[in-house]
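Data from query_11.cif: mmCIF, C-alpha atoms
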```
data_run
#
loop_
_atom_site.label_atom_id
_atom_site.label_comp_id
_atom_site.auth_asym_id
_atom_site.auth_seq_id
_atom_site.Cartn_x
_atom_site.Cartn_y
_atom_site.Cartn_z
CA MET A 106 -32.71 -8.19 0.88
CA THR A 107 -31.00 -7.79 4.23
CA ASP A 108 -28.04 -5.50 4.51
CA ILE A 109 -24.78 -7.36 4.84
CA LYS A 110 -21.80 -5.75 6.50
CA ILE A 111 -18.59 -7.73 6.93
CA ILE A 112 -15.62 -5.92 8.43
CA ASN A 113 -12.02 -7.09 8.39
CA LYS A 114 -8.82 -5.46 9.53
CA SER A 115 -5.70 -6.96 7.99
CA VAL A 116 -2.39 -5.90 9.48
CA TYR A 117 0.50 -6.46 7.10
CA ASP A 118 2.99 -7.79 9.61
CA LYS A 119 6.18 -9.48 8.49
CA LYS A 120 4.73 -13.02 8.41
CA PHE A 121 1.68 -11.88 6.42
CA HIS A 122 3.86 -10.09 3.89
CA GLN A 123 6.18 -13.11 3.56
CA ASN A 124 3.13 -15.30 2.86
CA ILE A 125 2.10 -12.92 0.08
CA ALA A 126 5.64 -13.03 -1.35
CA GLU A 127 5.60 -16.82 -1.17
CA TYR A 128 2.24 -16.95 -2.97
CA TYR A 129 3.62 -14.92 -5.85
CA MET A 130 6.80 -16.96 -6.00
CA PHE A 131 4.93 -20.27 -6.32
CA TYR A 132 1.66 -19.37 -8.05
CA ASP A 133 2.00 -16.10 -9.93
CA SER A 134 5.45 -16.50 -11.45
CA ASN A 135 4.55 -18.68 -14.46
CA ILE A 136 6.37 -21.64 -12.95
CA ILE A 137 5.72 -24.16 -15.76
CA PRO A 138 7.17 -22.04 -18.61
CA SER A 139 10.05 -21.02 -16.35
CA LEU A 140 10.87 -24.64 -15.52
CA LEU A 141 10.71 -25.56 -19.23
CA ILE A 142 13.21 -22.81 -20.04
CA ILE A 143 15.53 -23.97 -17.26
CA VAL A 144 15.38 -27.60 -18.46
CA THR A 145 16.04 -26.47 -22.03
CA LEU A 146 19.08 -24.47 -20.91
CA LEU A 147 20.40 -27.47 -19.00
CA ILE A 148 19.91 -29.76 -22.01
CA LEU A 149 21.81 -27.24 -24.17
CA THR A 150 24.56 -27.22 -21.53
CA ILE A 151 24.89 -31.01 -21.66
CA GLN A 152 24.81 -31.00 -25.46
CA SER A 153 27.52 -28.31 -25.54
CA LEU A 154 29.69 -30.36 -23.22
CA THR A 155 29.41 -33.42 -25.48
CA LEU A 156 30.41 -31.24 -28.46
CA LYS A 157 33.31 -29.79 -26.43
CA GLU A 158 31.92 -26.26 -26.68
CA TYR A 159 32.97 -25.38 -23.13
CA VAL A 160 32.40 -21.61 -23.26
CA TYR A 161 28.87 -22.10 -24.61
CA ALA A 162 28.25 -24.81 -21.99
CA LEU A 163 29.48 -22.50 -19.24
CA VAL A 164 27.20 -19.66 -20.37
CA MET A 165 24.14 -21.93 -20.74
CA GLY A 166 24.91 -23.59 -17.41
CA LEU A 167 25.14 -20.25 -15.62
CA PHE A 168 21.84 -19.13 -17.12
CA GLY A 169 20.13 -22.46 -16.41
CA ILE A 170 21.36 -22.91 -12.85
CA ILE A 171 21.90 -19.43 -11.42
CA ILE A 172 20.72 -16.43 -13.45
CA PHE A 173 17.33 -17.56 -14.80
CA PRO A 174 16.08 -19.18 -11.53
CA GLY A 175 17.32 -16.14 -9.61
CA LEU A 176 15.50 -13.69 -11.85
CA PHE A 177 12.20 -15.54 -12.00
CA PHE A 178 11.89 -17.09 -8.55
CA LEU A 179 14.11 -15.41 -5.98
CA LEU A 180 14.01 -11.82 -7.20
CA PRO A 181 10.18 -11.49 -6.90
CA TYR A 182 10.38 -12.91 -3.39
CA PHE A 183 13.02 -10.41 -2.31
CA ILE A 184 11.11 -7.55 -3.94
CA ASN A 185 7.98 -8.42 -1.96
CA VAL A 186 9.91 -8.77 1.30
CA ASN A 187 11.56 -5.41 0.58
CA ARG A 188 8.11 -3.85 0.09
CA TYR A 189 7.41 -4.70 3.71
CA LYS A 190 10.38 -2.62 4.82
CA THR A 191 9.24 0.26 2.59
CA MET A 192 5.73 0.12 4.08
CA MET A 193 7.19 0.19 7.59
CA LYS A 194 9.07 3.39 6.70
CA LYS A 195 5.94 4.99 5.24
CA THR A 196 3.89 4.17 8.34
CA GLY A 197 6.55 5.35 10.78
CA GLY A 198 7.47 1.87 12.01
CA LYS A 199 3.90 0.69 12.48
CA PRO A 200 2.69 -2.23 10.35
CA PHE A 201 0.60 -1.27 7.31
CA ALA A 202 -3.09 -2.09 7.77
CA ILE A 203 -6.18 -2.21 5.59
CA SER A 204 -9.68 -2.00 7.03
CA THR A 205 -12.12 -3.63 4.65
CA GLU A 206 -15.89 -3.25 4.69
CA ILE A 207 -17.78 -5.69 2.49
CA ASN A 208 -21.40 -4.69 1.96
CA ASN A 209 -24.23 -5.26 -0.54
CA ASN A 210 -22.94 -2.62 -2.99
CA HIS A 211 -19.15 -2.90 -3.00
CA ILE A 212 -15.95 -3.52 -1.06
CA LYS A 213 -14.59 -0.38 0.59
CA CYS A 214 -11.02 -0.31 1.84
CA LYS A 215 -9.17 2.22 3.92
CA THR A 216 -5.44 1.93 4.55
CA SER A 217 -3.40 3.11 7.52
CA LEU A 218 -1.95 5.74 5.12
CA ASN A 219 -5.45 7.29 4.81
CA GLU A 220 -5.94 6.01 1.27
CA THR A 221 -9.44 4.83 0.38
CA PHE A 222 -10.50 2.71 -2.57
CA ILE A 223 -13.60 0.83 -3.66
CA ILE A 224 -13.87 -2.46 -5.54
CA HIS A 225 -17.18 -3.17 -7.27
CA TYR A 226 -18.27 -6.79 -7.50
CA ASN A 227 -18.45 -6.75 -11.31
CA GLU A 228 -14.72 -5.82 -11.37
CA ILE A 229 -13.62 -8.91 -9.44
CA GLN A 230 -11.95 -11.52 -11.63
CA GLU A 231 -10.68 -14.07 -9.16
CA LEU A 232 -11.01 -15.12 -5.52
CA ILE A 233 -8.14 -17.15 -4.07
CA LEU A 234 -7.68 -18.60 -0.60
CA TYR A 235 -3.98 -19.12 0.10
CA LYS A 236 -2.94 -21.47 2.93
CA ASN A 237 -6.35 -20.94 4.55
CA GLU A 238 -4.81 -17.71 5.87
CA ILE A 239 -5.17 -15.10 3.13
CA LEU A 240 -8.13 -14.32 0.88
CA ILE A 241 -6.85 -12.70 -2.30
CA ILE A 242 -9.34 -10.65 -4.32
CA LYS A 243 -8.10 -9.88 -7.82
CA SER A 244 -9.94 -7.18 -9.73
CA LYS A 245 -9.69 -5.86 -13.27
CA LYS A 246 -8.15 -2.49 -12.50
CA ASP A 247 -6.66 -2.48 -9.01
CA LYS A 248 -3.88 -4.31 -7.26
CA PRO A 249 -5.01 -7.45 -5.46
CA LEU A 250 -6.63 -7.02 -2.06
CA TYR A 251 -5.28 -9.31 0.65
CA ILE A 252 -7.56 -10.12 3.56
CA LYS A 253 -6.30 -11.99 6.62
CA GLU A 254 -8.65 -14.80 7.47
CA ASP A 255 -8.21 -14.19 11.21
CA GLY A 256 -8.86 -10.44 10.94
CA TYR A 257 -12.66 -10.37 10.90
CA LEU A 258 -14.12 -7.87 13.36
CA GLN A 259 -17.71 -8.26 12.24
CA SER A 260 -18.92 -11.60 10.82
CA ASN A 261 -16.45 -14.38 9.93
CA ALA A 262 -14.49 -15.94 7.07
CA ASP A 263 -17.17 -18.47 6.09
CA ASN A 264 -19.88 -15.80 5.80
CA CYS A 265 -17.51 -13.59 3.82
CA HIS A 266 -16.63 -16.40 1.39
CA ARG A 267 -20.28 -17.34 0.81
CA PHE A 268 -21.26 -13.71 0.30
CA LEU A 269 -18.43 -12.98 -2.15
CA MET A 270 -19.13 -16.13 -4.17
CA LYS A 271 -22.80 -15.16 -4.39
CA LYS A 272 -22.08 -11.52 -5.40
CA THR A 273 -19.37 -12.37 -7.96
CA ASN A 274 -20.60 -15.75 -9.27
CA LEU A 275 -17.05 -17.01 -8.75
CA HIS A 276 -15.71 -19.94 -6.77
CA ILE A 277 -12.84 -19.49 -4.38
CA LEU A 278 -9.72 -21.23 -5.64
CA LYS A 279 -7.82 -22.87 -2.81
CA LYS A 280 -4.03 -22.80 -3.03
CA PRO A 281 -2.03 -24.67 -0.43
CA GLY A 282 1.29 -23.40 0.83
CA ARG A 283 4.52 -24.99 -0.28
CA ASN A 284 4.66 -27.38 2.70
CA LYS A 285 1.27 -29.00 2.07
#
```

How does the structure come out when it is put into structure tokens?
Amino acid sequence: MTDIKIINKSVYDKKFHQNIAEYYMFYDSNIIPSLLIIVTLLILTIQSLTLKEYVYALVMGLFGIIIFPGLFFLLPYFINVNRYKTMMKKTGGKPFAISTEINNNHIKCKTSLNETFIIHYNEIQELILYKNEILIIKSKKDKPLYIKEDGYLQSNADNCHRFLMKKTNLHILKKPGRNK
């Protein structure tokens, strides 16, 4: 077996971090159950209005229109955008970066904060390609790893995808952005 070595450097600039926040807002926020709860609250609001229970209708309406959508959709987005600012402070104003080496044995990552971690292929649960710009590697025990598709220093995105699918026996799920 030939030794494979794929190297990527992903710089977490503002656009990259906003894309990650957008991914979580649209795909990792349990959108279907959240929408069902919102619709239920709005139905209860309408029913309360027909029964002339105005205080109850006002409370249900506020929850259905403002509070619940804010908590489950907007708040995670703002938290992720705020993380970008926190990372900028930690790195002294320089964008956070992760250098990733993908080889036959494991994925080794080193951050611009001198943190190093390893992901073994048997720990990977899901591979996601978001907007054809970000490869998201979800593992059993670590936070997801985000790899910029245009950040390959050695090899390229297609070779990386084929190699990861072969090593993990997983297919890459493609998730379009909100405008597609």

**OP:** Can you pull out every residue within 12 Å of Gly282 (chain A), counting all atoms listed in the file, but drop anything in the same chain fewer than 6 positions away, and send it as an NGL selection string?
**Re:** :A and (123-132 or 234-239)

Subject >> Picked residues, the PyMOL selection byres ((chain A and resi 114) around 7), expected as number ranges by chain >> reply: A: 112-113, 115-116, 202-205, 256-258

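Distances here use all atoms listed in the file; by that measure, the residue among A:Gln152, A:Glu206, A:Ala162, A:Lys243 closest to Thr221 (chain A) is A:Glu206.
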
Subject >> Atomic distance CA of Leu149 (chain A) - CA of Pro181 (chain A), expressed in Å with one decimal >> reply: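 Separation of CA of Leu149 (chain A) and CA of Pro181 (chain A): 26.1 Å.
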
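Between CA of Lys279 (chain A) and CA of Glu220 (chain A) the separation is 29.2 Å.
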
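Among A:Ile111, A:Phe177, A:Lys199, A:Thr191, the residue with the shortest atom-to-atom distance to Cys214 (chain A), counting only C-alpha atoms, is A:Ile111.
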
Original post:
Taking all atoms listed in the file into account, which of A:Asn274, A:Lys253, A:Leu156, A:Leu163 comes nearest Glu231 (chain A)?
Top reply: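 Nearest to Glu231 (chain A): A:Asn274.
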
Original post:
Out of A:Phe168, A:Phe183, A:Thr216, A:His211, which residue has the shortest atom-to-atom distance to Thr196 (chain A) when counting only C-alpha atoms?
Top reply: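 So, comparing all the options, the nearest one is A:Thr216.
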
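Separating CA of Leu278 (chain A) from CA of Glu254 (chain A) is a distance of 14.6 Å.
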
What's around Lys195 (chain A) at 12 Å? Count only C-alpha atoms, leave out sequence neighbours fewer than 6 positions away in its own chain, and write the answer as a PDB file with C-alpha atoms, in the frame of the given file.
```
ATOM      1  CA  ARG A 188       8.110  -3.850   0.090  1.00  0.00           C
ATOM      2  CA  TYR A 189       7.410  -4.700   3.710  1.00  0.00           C
ATOM      3  CA  PHE A 201       0.600  -1.270   7.310  1.00  0.00           C
ATOM      4  CA  ALA A 202      -3.090  -2.090   7.770  1.00  0.00           C
ATOM      5  CA  THR A 216      -5.440   1.930   4.550  1.00  0.00           C
ATOM      6  CA  SER A 217      -3.400   3.110   7.520  1.00  0.00           C
ATOM      7  CA  LEU A 218      -1.950   5.740   5.120  1.00  0.00           C
ATOM      8  CA  ASN A 219      -5.450   7.290   4.810  1.00  0.00           C
TER       9      ASN A 219
END
```

**OP:** Any chance you could resolve the PyMOL selection byres ((chain A and resi 247) around 12) against this file and give the residues as a list in words?
**Re:**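 Applying the expression gives Cys214, Phe222, Ile223, Ile224, His225, Glu228, Ile229, Gln230, Ile242, Lys243, Ser244, Lys245, Lys246, Lys248, Pro249, Leu250 and Tyr251 of chain A.
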
**OP:** Step by step, work through what the PyMOL selection byres ((chain A and resi 166) around 9) selects in the shown file, and finish by giving those residues as number ranges by chain.
**Re:** A: 146-147, 149-151, 161-165, 167-171

**OP:** Please identify all polymer residues within 12 Å of Asp108 (chain A), counting all atoms listed in the file, omitting same-chain residues fewer than 3 positions from it, and present them as a list of chain:residue names.
**Re:** A:Ile111, A:Ile207, A:Asn208, A:Asn209, A:Asn210, A:His211, A:Phe268

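Distance check against Lys119 (chain A) using all atoms listed in the file: of A:Asn185, A:Gln259, A:Thr273, A:Thr155, the minimum falls on A:Asn185.
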